[in-house]
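The file my_file.pdb comes next; it holds PDB, C-alpha atoms.
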MODEL        1
ATOM      1  CA  MET A 289      29.649 -37.554 116.520
ATOM      2  CA  THR A 290      32.434 -35.298 117.768
ATOM      3  CA  ALA A 291      33.418 -34.832 121.380
ATOM      4  CA  MET A 292      31.835 -31.925 123.259
ATOM      5  CA  PRO A 293      34.006 -28.787 123.234
ATOM      6  CA  THR A 294      35.082 -27.586 126.647
ATOM      7  CA  THR A 295      34.718 -23.811 126.008
ATOM      8  CA  HIS A 296      31.375 -22.788 127.451
ATOM      9  CA  GLY A 297      30.309 -26.403 127.017
ATOM     10  CA  LEU A 298      29.116 -26.807 130.591
ATOM     11  CA  TYR A 299      26.446 -24.122 130.342
ATOM     12  CA  GLU A 300      25.591 -25.080 126.777
ATOM     13  CA  ALA A 301      24.915 -28.679 127.818
ATOM     14  CA  PHE A 302      23.002 -27.609 130.950
ATOM     15  CA  LEU A 303      20.690 -25.304 128.985
ATOM     16  CA  ALA A 304      20.088 -27.890 126.278
ATOM     17  CA  VAL A 305      19.130 -30.579 128.797
ATOM     18  CA  ALA A 306      16.885 -28.136 130.676
ATOM     19  CA  ARG A 307      15.201 -27.145 127.421
ATOM     20  CA  GLU A 308      14.818 -30.667 125.965
ATOM     21  CA  GLY A 309      14.041 -32.511 129.200
ATOM     22  CA  SER A 310      16.391 -35.409 128.439
ATOM     23  CA  PHE A 311      20.059 -36.101 127.792
ATOM     24  CA  THR A 312      19.265 -37.964 124.593
ATOM     25  CA  SER A 313      17.263 -35.123 123.058
ATOM     26  CA  ALA A 314      19.829 -32.538 124.206
ATOM     27  CA  ALA A 315      22.656 -34.521 122.618
ATOM     28  CA  ARG A 316      20.690 -34.760 119.363
ATOM     29  CA  ALA A 317      19.997 -31.015 119.369
ATOM     30  CA  LEU A 318      23.642 -30.153 120.024
ATOM     31  CA  GLY A 319      25.080 -32.729 117.638
ATOM     32  CA  TYR A 320      27.141 -34.465 120.339
ATOM     33  CA  THR A 321      27.076 -37.883 121.938
ATOM     34  CA  GLN A 322      24.827 -38.501 124.917
ATOM     35  CA  SER A 323      27.831 -39.492 127.020
ATOM     36  CA  ALA A 324      29.555 -36.181 126.196
ATOM     37  CA  VAL A 325      26.480 -34.207 127.328
ATOM     38  CA  SER A 326      26.214 -36.284 130.507
ATOM     39  CA  ARG A 327      29.866 -35.640 131.340
ATOM     40  CA  GLN A 328      29.461 -31.912 130.871
ATOM     41  CA  VAL A 329      26.426 -31.779 133.155
ATOM     42  CA  GLN A 330      28.226 -33.896 135.729
ATOM     43  CA  SER A 331      31.225 -31.561 135.589
ATOM     44  CA  LEU A 332      28.944 -28.574 136.170
ATOM     45  CA  GLU A 333      27.294 -30.323 139.107
ATOM     46  CA  ASP A 334      30.746 -31.046 140.552
ATOM     47  CA  GLU A 335      31.765 -27.428 140.070
ATOM     48  CA  THR A 336      28.628 -25.996 141.687
ATOM     49  CA  GLY A 337      28.416 -28.654 144.392
ATOM     50  CA  ALA A 338      24.746 -29.203 143.652
ATOM     51  CA  VAL A 339      22.585 -31.710 141.835
ATOM     52  CA  LEU A 340      21.016 -29.817 138.945
ATOM     53  CA  PHE A 341      18.678 -32.430 137.473
ATOM     54  CA  GLU A 342      16.387 -34.983 138.966
ATOM     55  CA  ARG A 343      16.774 -38.201 136.976
ATOM     56  CA  LEU A 344      13.350 -39.636 136.132
ATOM     57  CA  PRO A 345      12.352 -42.935 134.528
ATOM     58  CA  ARG A 346      11.766 -41.013 131.315
ATOM     59  CA  GLY A 347      13.884 -37.879 131.070
ATOM     60  CA  VAL A 348      14.984 -35.347 133.669
ATOM     61  CA  ARG A 349      13.727 -32.173 135.330
ATOM     62  CA  LEU A 350      15.445 -29.325 137.096
ATOM     63  CA  THR A 351      16.051 -29.486 140.819
ATOM     64  CA  GLU A 352      15.709 -26.385 142.995
ATOM     65  CA  ALA A 353      19.436 -25.724 142.459
ATOM     66  CA  GLY A 354      18.954 -26.146 138.729
ATOM     67  CA  ARG A 355      16.127 -23.636 138.702
ATOM     68  CA  VAL A 356      18.341 -21.133 140.554
ATOM     69  CA  LEU A 357      21.183 -21.628 138.079
ATOM     70  CA  LEU A 358      19.001 -21.477 134.966
ATOM     71  CA  PRO A 359      18.596 -17.658 134.590
ATOM     72  CA  HIS A 360      22.316 -17.136 135.251
ATOM     73  CA  ALA A 361      23.239 -19.680 132.589
ATOM     74  CA  GLU A 362      20.842 -17.984 130.160
ATOM     75  CA  ALA A 363      22.459 -14.612 130.943
ATOM     76  CA  VAL A 364      25.924 -16.042 130.225
ATOM     77  CA  ARG A 365      24.643 -17.459 126.931
ATOM     78  CA  ASP A 366      23.058 -14.153 125.928
ATOM     79  CA  ARG A 367      26.122 -12.082 126.830
ATOM     80  CA  LEU A 368      28.380 -14.389 124.848
ATOM     81  CA  ALA A 369      26.020 -14.206 121.881
ATOM     82  CA  ALA A 370      26.039 -10.404 122.102
ATOM     83  CA  ALA A 371      29.837 -10.398 122.268
ATOM     84  CA  ARG A 372      30.072 -12.588 119.179
ATOM     85  CA  THR A 373      27.693 -10.264 117.332
ATOM     86  CA  GLU A 374      29.685  -7.171 118.262
ATOM     87  CA  LEU A 375      32.980  -8.815 117.337
ATOM     88  CA  ALA A 376      31.542  -9.857 113.991
ATOM     89  CA  ALA A 377      30.372  -6.272 113.450
ATOM     90  CA  LEU A 378      33.933  -5.061 113.971
ATOM     91  CA  ARG A 379      35.203  -7.449 111.311
ATOM     92  CA  THR A 380      32.481  -6.561 108.815
ATOM     93  CA  LEU A 381      32.337  -2.813 109.646
ATOM     94  CA  GLU A 382      28.678  -3.075 110.569
ATOM     95  CA  GLY A 383      29.467  -1.526 113.949
ATOM     96  CA  GLY A 384      32.302  -0.361 116.168
ATOM     97  CA  LEU A 385      34.116   2.901 116.853
ATOM     98  CA  LEU A 386      36.817   4.797 114.949
ATOM     99  CA  ARG A 387      38.717   7.442 116.949
ATOM    100  CA  LEU A 388      40.116   9.954 114.486
ATOM    101  CA  GLY A 389      42.401  12.955 114.876
ATOM    102  CA  SER A 390      43.641  15.608 112.446
ATOM    103  CA  PHE A 391      45.382  18.960 112.220
ATOM    104  CA  SER A 392      43.201  21.970 111.500
ATOM    105  CA  SER A 393      43.636  22.614 107.765
ATOM    106  CA  ALA A 394      43.165  18.919 106.962
ATOM    107  CA  ASN A 395      39.624  19.422 108.257
ATOM    108  CA  ALA A 396      38.835  21.888 105.477
ATOM    109  CA  ALA A 397      38.445  19.225 102.771
ATOM    110  CA  LEU A 398      40.607  16.100 103.044
ATOM    111  CA  VAL A 399      39.235  14.608 106.261
ATOM    112  CA  PRO A 400      35.539  15.585 105.912
ATOM    113  CA  ARG A 401      35.335  14.236 102.356
ATOM    114  CA  ALA A 402      36.918  10.951 103.388
ATOM    115  CA  GLN A 403      34.648  10.798 106.442
ATOM    116  CA  ALA A 404      31.545  11.396 104.316
ATOM    117  CA  ALA A 405      32.520   8.547 102.007
ATOM    118  CA  PHE A 406      33.218   6.309 105.007
ATOM    119  CA  ARG A 407      29.819   7.070 106.532
ATOM    120  CA  THR A 408      28.104   6.215 103.246
ATOM    121  CA  ARG A 409      29.859   2.866 103.032
ATOM    122  CA  HIS A 410      29.875   1.975 106.727
ATOM    123  CA  PRO A 411      27.007   3.797 108.463
ATOM    124  CA  GLY A 412      27.104   1.465 111.459
ATOM    125  CA  VAL A 413      30.588   2.612 112.538
ATOM    126  CA  THR A 414      30.681   5.583 114.927
ATOM    127  CA  VAL A 415      33.448   8.089 114.109
ATOM    128  CA  THR A 416      34.725  10.556 116.684
ATOM    129  CA  ARG A 417      37.116  13.284 115.557
ATOM    130  CA  ALA A 418      39.481  15.521 117.501
ATOM    131  CA  GLU A 419      41.371  18.502 116.092
ATOM    132  CA  GLY A 420      44.784  19.624 117.250
ATOM    133  CA  PRO A 421      48.503  19.781 116.475
ATOM    134  CA  SER A 422      50.148  16.764 114.910
ATOM    135  CA  VAL A 423      52.439  16.138 117.870
ATOM    136  CA  LYS A 424      49.379  15.714 120.097
ATOM    137  CA  HIS A 425      47.787  13.154 117.775
ATOM    138  CA  LEU A 426      51.008  11.176 117.454
ATOM    139  CA  ALA A 427      51.246  10.974 121.242
ATOM    140  CA  ARG A 428      47.624   9.855 121.549
ATOM    141  CA  LEU A 429      48.131   7.178 118.913
ATOM    142  CA  ALA A 430      51.203   5.884 120.738
ATOM    143  CA  ALA A 431      49.154   5.762 123.963
ATOM    144  CA  GLY A 432      46.342   3.810 122.283
ATOM    145  CA  GLU A 433      43.883   6.709 122.617
ATOM    146  CA  GLN A 434      43.299   7.154 118.867
ATOM    147  CA  ASP A 435      42.967   4.738 115.965
ATOM    148  CA  LEU A 436      44.044   6.983 113.083
ATOM    149  CA  ALA A 437      45.219  10.566 112.600
ATOM    150  CA  VAL A 438      46.076  12.875 109.715
ATOM    151  CA  VAL A 439      49.320  14.620 110.624
ATOM    152  CA  CYS A 440      52.205  16.717 109.331
ATOM    153  CA  PRO A 441      55.261  15.507 111.250
ATOM    154  CA  ALA A 442      58.027  18.078 111.623
ATOM    155  CA  PRO A 443      60.849  17.524 109.093
ATOM    156  CA  GLY A 444      63.623  15.510 110.677
ATOM    157  CA  ALA A 445      61.551  14.597 113.716
ATOM    158  CA  PRO A 446      62.441  11.166 115.160
ATOM    159  CA  PRO A 447      59.888   8.390 114.582
ATOM    160  CA  VAL A 448      57.304   7.866 117.319
ATOM    161  CA  GLU A 449      57.399   4.386 118.791
ATOM    162  CA  GLY A 450      54.162   2.513 118.235
ATOM    163  CA  VAL A 451      53.091   4.688 115.270
ATOM    164  CA  THR A 452      53.257   3.865 111.558
ATOM    165  CA  LEU A 453      53.134   6.717 109.025
ATOM    166  CA  HIS A 454      51.450   6.423 105.626
ATOM    167  CA  HIS A 455      52.260   9.087 103.027
ATOM    168  CA  LEU A 456      49.194  10.786 101.505
ATOM    169  CA  LEU A 457      50.595  13.730  99.549
ATOM    170  CA  ASP A 458      53.083  16.583  99.525
ATOM    171  CA  GLU A 459      51.049  19.734  99.992
ATOM    172  CA  PRO A 460      52.202  22.997  98.356
ATOM    173  CA  MET A 461      51.750  26.371  99.981
ATOM    174  CA  LEU A 462      49.953  29.316  98.365
ATOM    175  CA  VAL A 463      50.388  32.991  99.165
ATOM    176  CA  ALA A 464      47.362  34.956 100.379
ATOM    177  CA  LEU A 465      47.136  38.584  99.230
ATOM    178  CA  GLU A 466      44.570  41.310  99.661
ATOM    179  CA  ARG A 467      42.435  41.746  96.538
ATOM    180  CA  GLY A 468      44.034  45.093  95.705
ATOM    181  CA  HIS A 469      47.593  43.804  95.875
ATOM    182  CA  PRO A 470      49.643  44.392  92.684
ATOM    183  CA  TYR A 471      50.317  40.653  92.384
ATOM    184  CA  ALA A 472      46.727  39.555  93.056
ATOM    185  CA  GLY A 473      46.102  38.875  89.358
ATOM    186  CA  ARG A 474      49.292  36.920  88.754
ATOM    187  CA  ARG A 475      49.239  33.206  87.922
ATOM    188  CA  ALA A 476      52.384  32.645  89.990
ATOM    189  CA  VAL A 477      54.794  34.673  92.055
ATOM    190  CA  ARG A 478      58.426  34.265  93.141
ATOM    191  CA  LEU A 479      59.145  34.544  96.842
ATOM    192  CA  ALA A 480      61.915  37.058  96.087
ATOM    193  CA  GLU A 481      59.245  39.392  94.685
ATOM    194  CA  LEU A 482      57.596  39.358  98.107
ATOM    195  CA  ALA A 483      60.784  39.844 100.107
ATOM    196  CA  ASP A 484      59.768  43.357 101.210
ATOM    197  CA  GLU A 485      56.251  42.362 102.224
ATOM    198  CA  GLU A 486      55.186  42.116 105.856
ATOM    199  CA  TRP A 487      54.616  38.391 106.427
ATOM    200  CA  ILE A 488      52.021  37.194 108.910
ATOM    201  CA  VAL A 489      53.333  34.038 110.577
ATOM    202  CA  GLY A 490      52.262  31.649 113.315
ATOM    203  CA  ALA A 491      55.475  31.579 115.370
ATOM    204  CA  GLU A 492      58.353  33.888 116.180
ATOM    205  CA  GLN A 493      60.835  31.679 114.323
ATOM    206  CA  PRO A 494      59.810  31.337 110.648
ATOM    207  CA  ALA A 495      61.648  28.016 110.458
ATOM    208  CA  ASP A 496      59.017  26.626 112.849
ATOM    209  CA  THR A 497      56.122  27.653 110.586
ATOM    210  CA  LEU A 498      54.855  26.785 107.120
ATOM    211  CA  PHE A 499      57.890  28.762 105.918
ATOM    212  CA  GLY A 500      60.236  26.035 107.170
ATOM    213  CA  PRO A 501      61.238  24.615 103.754
ATOM    214  CA  ALA A 502      61.625  28.095 102.234
ATOM    215  CA  VAL A 503      63.784  29.242 105.155
ATOM    216  CA  ALA A 504      65.914  26.140 104.766
ATOM    217  CA  ALA A 505      66.351  27.079 101.090
ATOM    218  CA  GLY A 506      67.593  30.551 102.053
ATOM    219  CA  PHE A 507      64.481  32.774 101.998
ATOM    220  CA  ARG A 508      64.203  35.177 104.944
ATOM    221  CA  PRO A 509      60.688  36.630 105.292
ATOM    222  CA  ARG A 510      60.225  40.007 106.949
ATOM    223  CA  THR A 511      57.872  39.188 109.799
ATOM    224  CA  GLY A 512      55.996  41.552 112.045
ATOM    225  CA  LEU A 513      52.540  40.268 112.827
ATOM    226  CA  LEU A 514      52.217  37.040 114.789
ATOM    227  CA  ALA A 515      48.883  35.202 114.541
ATOM    228  CA  GLN A 516      48.255  31.505 115.144
ATOM    229  CA  ASP A 517      44.557  31.490 114.276
ATOM    230  CA  TRP A 518      43.624  31.270 110.588
ATOM    231  CA  ILE A 519      40.744  33.713 110.995
ATOM    232  CA  ALA A 520      43.151  36.281 112.408
ATOM    233  CA  LYS A 521      45.753  35.676 109.689
ATOM    234  CA  LEU A 522      43.326  36.054 106.822
ATOM    235  CA  GLY A 523      41.596  38.994 108.488
ATOM    236  CA  ALA A 524      44.926  40.793 108.624
ATOM    237  CA  VAL A 525      45.611  39.985 104.969
ATOM    238  CA  ALA A 526      42.173  41.282 103.925
ATOM    239  CA  ALA A 527      42.870  44.515 105.819
ATOM    240  CA  GLY A 528      46.125  45.017 103.929
ATOM    241  CA  LEU A 529      48.377  44.412 106.930
ATOM    242  CA  GLY A 530      50.514  41.820 105.208
ATOM    243  CA  VAL A 531      50.619  38.533 103.326
ATOM    244  CA  THR A 532      50.705  34.951 104.543
ATOM    245  CA  LEU A 533      51.097  31.366 103.406
ATOM    246  CA  VAL A 534      48.029  29.158 103.107
ATOM    247  CA  PRO A 535      48.167  25.346 102.760
ATOM    248  CA  ALA A 536      46.603  24.089  99.535
ATOM    249  CA  LEU A 537      44.250  21.790 101.462
ATOM    250  CA  ALA A 538      42.680  24.861 103.064
ATOM    251  CA  ALA A 539      42.379  26.886  99.860
ATOM    252  CA  ALA A 540      38.655  26.295  99.370
ATOM    253  CA  SER A 541      37.853  27.724 102.795
ATOM    254  CA  VAL A 542      39.634  31.080 102.350
ATOM    255  CA  ARG A 543      37.420  34.171 102.638
ATOM    256  CA  ARG A 544      36.295  35.922  99.443
ATOM    257  CA  ASP A 545      38.125  39.196 100.024
ATOM    258  CA  VAL A 546      41.494  37.403  99.968
ATOM    259  CA  THR A 547      43.223  36.250  96.773
ATOM    260  CA  LEU A 548      45.366  33.112  96.632
ATOM    261  CA  VAL A 549      48.286  33.063  94.211
ATOM    262  CA  THR A 550      50.392  30.047  93.300
ATOM    263  CA  ILE A 551      54.063  30.202  94.243
ATOM    264  CA  HIS A 552      56.566  29.506  91.465
ATOM    265  CA  PRO A 553      57.548  25.790  91.348
ATOM    266  CA  ASP A 554      61.185  26.642  92.089
ATOM    267  CA  ASP A 555      60.210  28.408  95.327
ATOM    268  CA  VAL A 556      57.072  26.683  96.609
ATOM    269  CA  PRO A 557      57.358  25.214 100.122
ATOM    270  CA  TYR A 558      55.820  21.772 100.598
ATOM    271  CA  ARG A 559      54.818  19.863 103.674
ATOM    272  CA  SER A 560      54.293  16.126 103.897
ATOM    273  CA  VAL A 561      50.754  15.113 104.855
ATOM    274  CA  ARG A 562      50.533  11.629 106.316
ATOM    275  CA  ALA A 563      48.104   9.290 107.961
ATOM    276  CA  ALA A 564      49.263   7.761 111.228
ATOM    277  CA  THR A 565      48.079   4.444 112.650
ATOM    278  CA  PRO A 566      49.244   1.857 115.147
ATOM    279  CA  PRO A 567      51.465  -0.848 113.602
ATOM    280  CA  VAL A 568      48.410  -3.108 113.390
ATOM    281  CA  PRO A 569      45.461  -0.801 112.570
ATOM    282  CA  THR A 570      41.863  -1.719 113.249
ATOM    283  CA  VAL A 571      39.623  -2.856 110.405
ATOM    284  CA  ALA A 572      37.852   0.524 110.492
ATOM    285  CA  ALA A 573      41.137   2.447 110.454
ATOM    286  CA  THR A 574      42.346   0.419 107.474
ATOM    287  CA  ALA A 575      39.142   1.177 105.565
ATOM    288  CA  PHE A 576      39.341   4.899 106.412
ATOM    289  CA  LEU A 577      42.995   5.005 105.367
ATOM    290  CA  GLY A 578      42.032   3.722 101.935
ATOM    291  CA  LEU A 579      39.452   6.485 101.581
ATOM    292  CA  LEU A 580      41.991   9.106 102.711
ATOM    293  CA  ARG A 581      44.306   7.962  99.923
ATOM    294  CA  GLU A 582      41.508   8.143  97.371
ATOM    295  CA  THR A 583      40.459  11.599  98.590
ATOM    296  CA  ALA A 584      44.033  12.912  98.635
ATOM    297  CA  GLU A 585      44.545  11.809  95.037
ATOM    298  CA  ALA A 586      41.235  13.336  93.957
ATOM    299  CA  LEU A 587      42.124  16.650  95.626
ATOM    300  CA  ARG A 588      45.571  16.658  94.080
ATOM    301  CA  ARG A 589      44.054  16.246  90.608
ATOM    302  CA  SER A 590      41.260  18.775  91.106
ATOM    303  CA  ARG A 591      41.278  22.331  89.802
ATOM    304  CA  ALA A 592      41.093  23.648  93.353
ATOM    305  CA  PHE A 593      44.504  22.133  94.092
ATOM    306  CA  PRO A 594      47.359  24.073  92.497
ATOM    307  CA  ARG A 595      49.561  22.318  90.032
ATOM    308  CA  GLY A 596      52.768  20.953  91.450
ATOM    309  CA  GLY A 597      51.204  19.051  94.361
ATOM    310  CA  ARG A 598      53.036  15.767  94.573
ATOM    311  CA  ALA A 599      51.207  12.459  94.950
ATOM    312  CA  GLY A 600      51.333  10.207  97.948
TER     313      GLY A 600
ENDMDL
END

Could you render the structure from this file as structure tokens?
Amino acid sequence: MTAMPTTHGLYEAFLAVAREGSFTSAARALGYTQSAVSRQVQSLEDETGAVLFERLPRGVRLTEAGRVLLPHAEAVRDRLAAARTELAALRTLEGGLLRLGSFSSANAALVPRAQAAFRTRHPGVTVTRAEGPSVKHLARLAAGEQDLAVVCPAPGAPPVEGVTLHHLLDEPMLVALERGHPYAGRRAVRLAELADEEWIVGAEQPADTLFGPAVAAGFRPRTGLLAQDWIAKLGAVAAGLGVTLVPALAAASVRRDVTLVTIHPDDVPYRSVRAATPPVPTVAATAFLGLLRETAEALRRSRAFPRGGRAG
């Protein structure tokens, strides 16, 4: 027989002796030597400063001190058993929590489809999701407040300490036009053809918007209407007040009185969509990341996603 382990061995031996009524039977039930069980009980008696068992000619029985200790020892045993169960659930994805974050247009298709697949495969895991700008999610990941986020880091931005980025896809932009626009029926349009249009943008500096790559390539949109909310942007387009860029991931959620037209491959701005995790992601985050990759590839290959979207 092996020697009695020291971790939690004192309470384990005490409960076994109390249950079996003898050191011999307790040792047999635990798979240890009788001397090992006796030493553990003696160590617990030394620690508590009380005699826990009355030694009888045949077996033992609890003393008053032993009866006082018994429910506390059982509570320790039960809490440890519950902890082991919960830890096992984390490893097997039968339980646990996944704290997820994402930028707004990723919530139109990419994130919800991946989340639906995750829920089907791992219904015991609770997923919480927060929406907001990428810089916010990167900060929360670095602070340990999120487990995974879908982000679009600004081009050239320095890496965030404590965050690992995983490339999902390069997302092309589309141009949103009112249904009566002369180019609404086109398969593709050059940005130069829209140079005189009033562009609806989300910031005063176009370089800080979805236009960033196009501005870097030399295109200078004529901007007039500033709107950060997508409902406001598309409402203005539908009313004929201007045109705007729409990320491909959000294409399926665009209102029916707005037409989306593909931008010519030589002009189309892209943005890099990435998943962000801590350097050592949780088991749940690793599983969700795999589903994000699968979903991103499926979206890229679908008819709803314009041709030219680059793979992750």

Inset, instruction - Would you write out, as a count of residues only, every residue that the PyMOL selection byres ((chain A and resi 551) around 8) captures in this file? - result: 13

Inset, instruction - Identify all residues satisfying the PyMOL selection byres ((chain A and resi 317-333) around 6) in the given file; provide them as a ChimeraX atom specification. - result: /A:289-290,292,298,301-302,312,314-316,334-339

Legend entry - Residues matched by the PyMOL selection byres ((chain A and resi 364) around 12), written as a PyMOL selection string: chain A and resi 296-300+302-303+357-363+365-371

Inset, instruction - Kindly indicate which residue among A:Val568, A:Ala472, A:Leu580, A:Leu436 lies nearest to A:Arg387, using only C-alpha atoms for the distances. - result: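 Of A:Val568, A:Ala472, A:Leu580, A:Leu436, the one nearest A:Arg387 is A:Leu436, counting only C-alpha atoms.
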
Legend entry - Minimum-distance residue to A:Ala396, chosen among A:Val489, A:Ala536, A:Val451, A:Val546 (using only C-alpha atoms): A:Ala536

Legend entry - Surrounding residues of A:Ser422 excluding itself and chain neighbours under 5 positions, 6 Å, all atoms listed in the file, as a VMD selection string: chain A and resid 391 439 to 440

Inset, instruction - Point out the residue among A:Glu466, A:Glu492, A:Glu481, A:Asp517 with the least atom-to-atom distance to A:Gly530, counting all atoms listed in the file. - result: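 For A:Gly530, the nearest of the candidates is A:Glu466.
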
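Closest approach to A:Leu381 among A:Pro446, A:Pro411, A:Gly523, A:Pro494: A:Pro411, based on all atoms listed in the file.
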
Legend entry - Two-atom distance - atom CA of A:Ala437, atom CA of A:Thr414 (Å):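 Separation of atom CA of A:Ala437 and atom CA of A:Thr414: 15.5 Å.
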
For A:Gly468, work out the shell of residues within 10 Å, counting all atoms listed in the file and skipping chain neighbours fewer than 6 positions away, then give it as a compact mmCIF listing (two decimals) with C-alpha atoms, keeping the file's coordinate frame.
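Here's the written file result03.txt:
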# COMPACT_ATOMS: atom_id res chain seq x y z
CA ALA A 526 42.17 41.28 103.92
CA GLY A 528 46.12 45.02 103.93
CA ASP A 545 38.12 39.20 100.02
CA VAL A 546 41.49 37.40 99.97
CA THR A 547 43.22 36.25 96.77

Legend entry - Separation of atom CA of A:Phe576 from atom CA of A:Ala397 in Å: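 About the pair atom CA of A:Ala397 and atom CA of A:Phe576: they are 14.8 Å apart.
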
Legend entry - Neighbour list for stretch 407-410 of chain A as a list of chain:residue names, cut-off 10 Å, only C-alpha atoms, skip fewer than 6 positions in-chain: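 Within the cut-off, the hits are A:Thr380, A:Leu381, A:Glu382, A:Gly383, A:Arg401, A:Ala572, A:Ala575, A:Phe576.
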
Inset, instruction - Find the residue from A:Leu513, A:Leu398, A:Ala505, A:Ala483 that sits nearest to A:Ser541; use all atoms listed in the file when measuring. - result: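 Smallest separation from A:Ser541 among the options: A:Leu398.
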
Report, as JSON, the axis-aligned box around all atoms of stretch 469-484 of chain A present in the file, extended by 5 Å on each side; give centre and edge lengths in Å to one decimal place.
{"center_x": 54.0, "center_y": 38.5, "center_z": 94.6, "size_x": 25.8, "size_y": 21.7, "size_z": 23.3}

Legend entry - Residue list as JSON, numbers by chain for point (16.3, -32.8, 138.7), cut-off 9 Å, all atoms listed in the file: {"A": [339, 340, 341, 342, 343, 344, 348, 349, 350, 351, 352, 353, 354]}

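Near A:Glu419, within 8 Å and counting all atoms listed in the file, sit Gly389, Ser390, Phe391 and Ser392 of chain A; same-chain residues fewer than 3 positions away were not included.
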
Store the residues picked out above in a file with C-alpha atoms, as a CSV table (one decimal), in the coordinates of the input.
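Contents of the output file part-v4.csv:
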chain,number,residue,atom,x,y,z
A,389,GLY,CA,42.4,13.0,114.9
A,390,SER,CA,43.6,15.6,112.4
A,391,PHE,CA,45.4,19.0,112.2
A,392,SER,CA,43.2,22.0,111.5

Legend entry - Computed interatomic separation between atom CA of A:Pro569 and atom CA of A:Thr452 (Å): 9.1 Å

Inset, instruction - Give the answer as one residue: which of A:His455, A:Ile488, A:Thr497, A:Lys424 has the shortest atom-to-atom distance to A:Ser560, using all atoms listed in the file? - result: A:His455

Legend entry - A:Ala464 environment, 8 Å, all atoms listed in the file, sequence neighbours closer than 4 positions dropped, as a PyMOL selection string: chain A and resi 522+525+531-534+546-549

Inset, instruction - Starting from the point (51.3, 1.2, 117.8), work out which residues of protein, DNA or RNA have an atom no more than 7 Å away when counting all atoms listed in the file; state them as a ChimeraX atom specification. - result: /A:429-430,449-451,565-568

Now that the selection is made, can you save its residues with C-alpha atoms as a PDB file, in the frame of the given file?
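Okay, this is what ended up in part_20.pdb:
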ATOM      1  CA  LEU A 429      48.131   7.178 118.913  1.00  0.00           C
ATOM      2  CA  ALA A 430      51.203   5.884 120.738  1.00  0.00           C
ATOM      3  CA  GLU A 449      57.399   4.386 118.791  1.00  0.00           C
ATOM      4  CA  GLY A 450      54.162   2.513 118.235  1.00  0.00           C
ATOM      5  CA  VAL A 451      53.091   4.688 115.270  1.00  0.00           C
ATOM      6  CA  THR A 565      48.079   4.444 112.650  1.00  0.00           C
ATOM      7  CA  PRO A 566      49.244   1.857 115.147  1.00  0.00           C
ATOM      8  CA  PRO A 567      51.465  -0.848 113.602  1.00  0.00           C
ATOM      9  CA  VAL A 568      48.410  -3.108 113.390  1.00  0.00           C
TER      10      VAL A 568
END

Would you fill the gaps in stretch 489-501 of chain A so it has N, CA and C atoms, then print it as a compact mmCIF listing (two decimals), in the coordinates of the input?
# COMPACT_ATOMS: atom_id res chain seq x y z
N VAL A 489 52.89 35.40 110.30
CA VAL A 489 53.33 34.04 110.58
C VAL A 489 52.73 33.55 111.90
N GLY A 490 52.86 32.24 112.12
CA GLY A 490 52.26 31.65 113.32
C GLY A 490 53.21 31.42 114.46
N ALA A 491 54.49 31.75 114.29
CA ALA A 491 55.48 31.58 115.37
C ALA A 491 56.59 32.60 115.17
N GLU A 492 57.31 32.88 116.24
CA GLU A 492 58.35 33.89 116.18
C GLU A 492 59.49 33.47 115.26
N GLN A 493 59.79 32.17 115.20
CA GLN A 493 60.84 31.68 114.32
C GLN A 493 60.21 31.15 113.03
N PRO A 494 60.42 31.80 111.90
CA PRO A 494 59.81 31.34 110.65
C PRO A 494 60.13 29.88 110.31
N ALA A 495 61.28 29.41 110.74
CA ALA A 495 61.65 28.02 110.46
C ALA A 495 60.69 27.04 111.11
N ASP A 496 59.96 27.49 112.14
CA ASP A 496 59.02 26.63 112.85
C ASP A 496 57.60 26.74 112.29
N THR A 497 57.44 27.43 111.17
CA THR A 497 56.12 27.65 110.59
C THR A 497 56.04 26.97 109.22
N LEU A 498 54.99 27.30 108.48
CA LEU A 498 54.86 26.78 107.12
C LEU A 498 56.00 27.24 106.23
N PHE A 499 56.74 28.25 106.66
CA PHE A 499 57.89 28.76 105.92
C PHE A 499 59.11 27.86 106.03
N GLY A 500 59.06 26.85 106.89
CA GLY A 500 60.24 26.04 107.17
C GLY A 500 61.05 25.64 105.95
N PRO A 501 60.45 25.00 104.93
CA PRO A 501 61.24 24.62 103.75
C PRO A 501 61.84 25.80 103.01
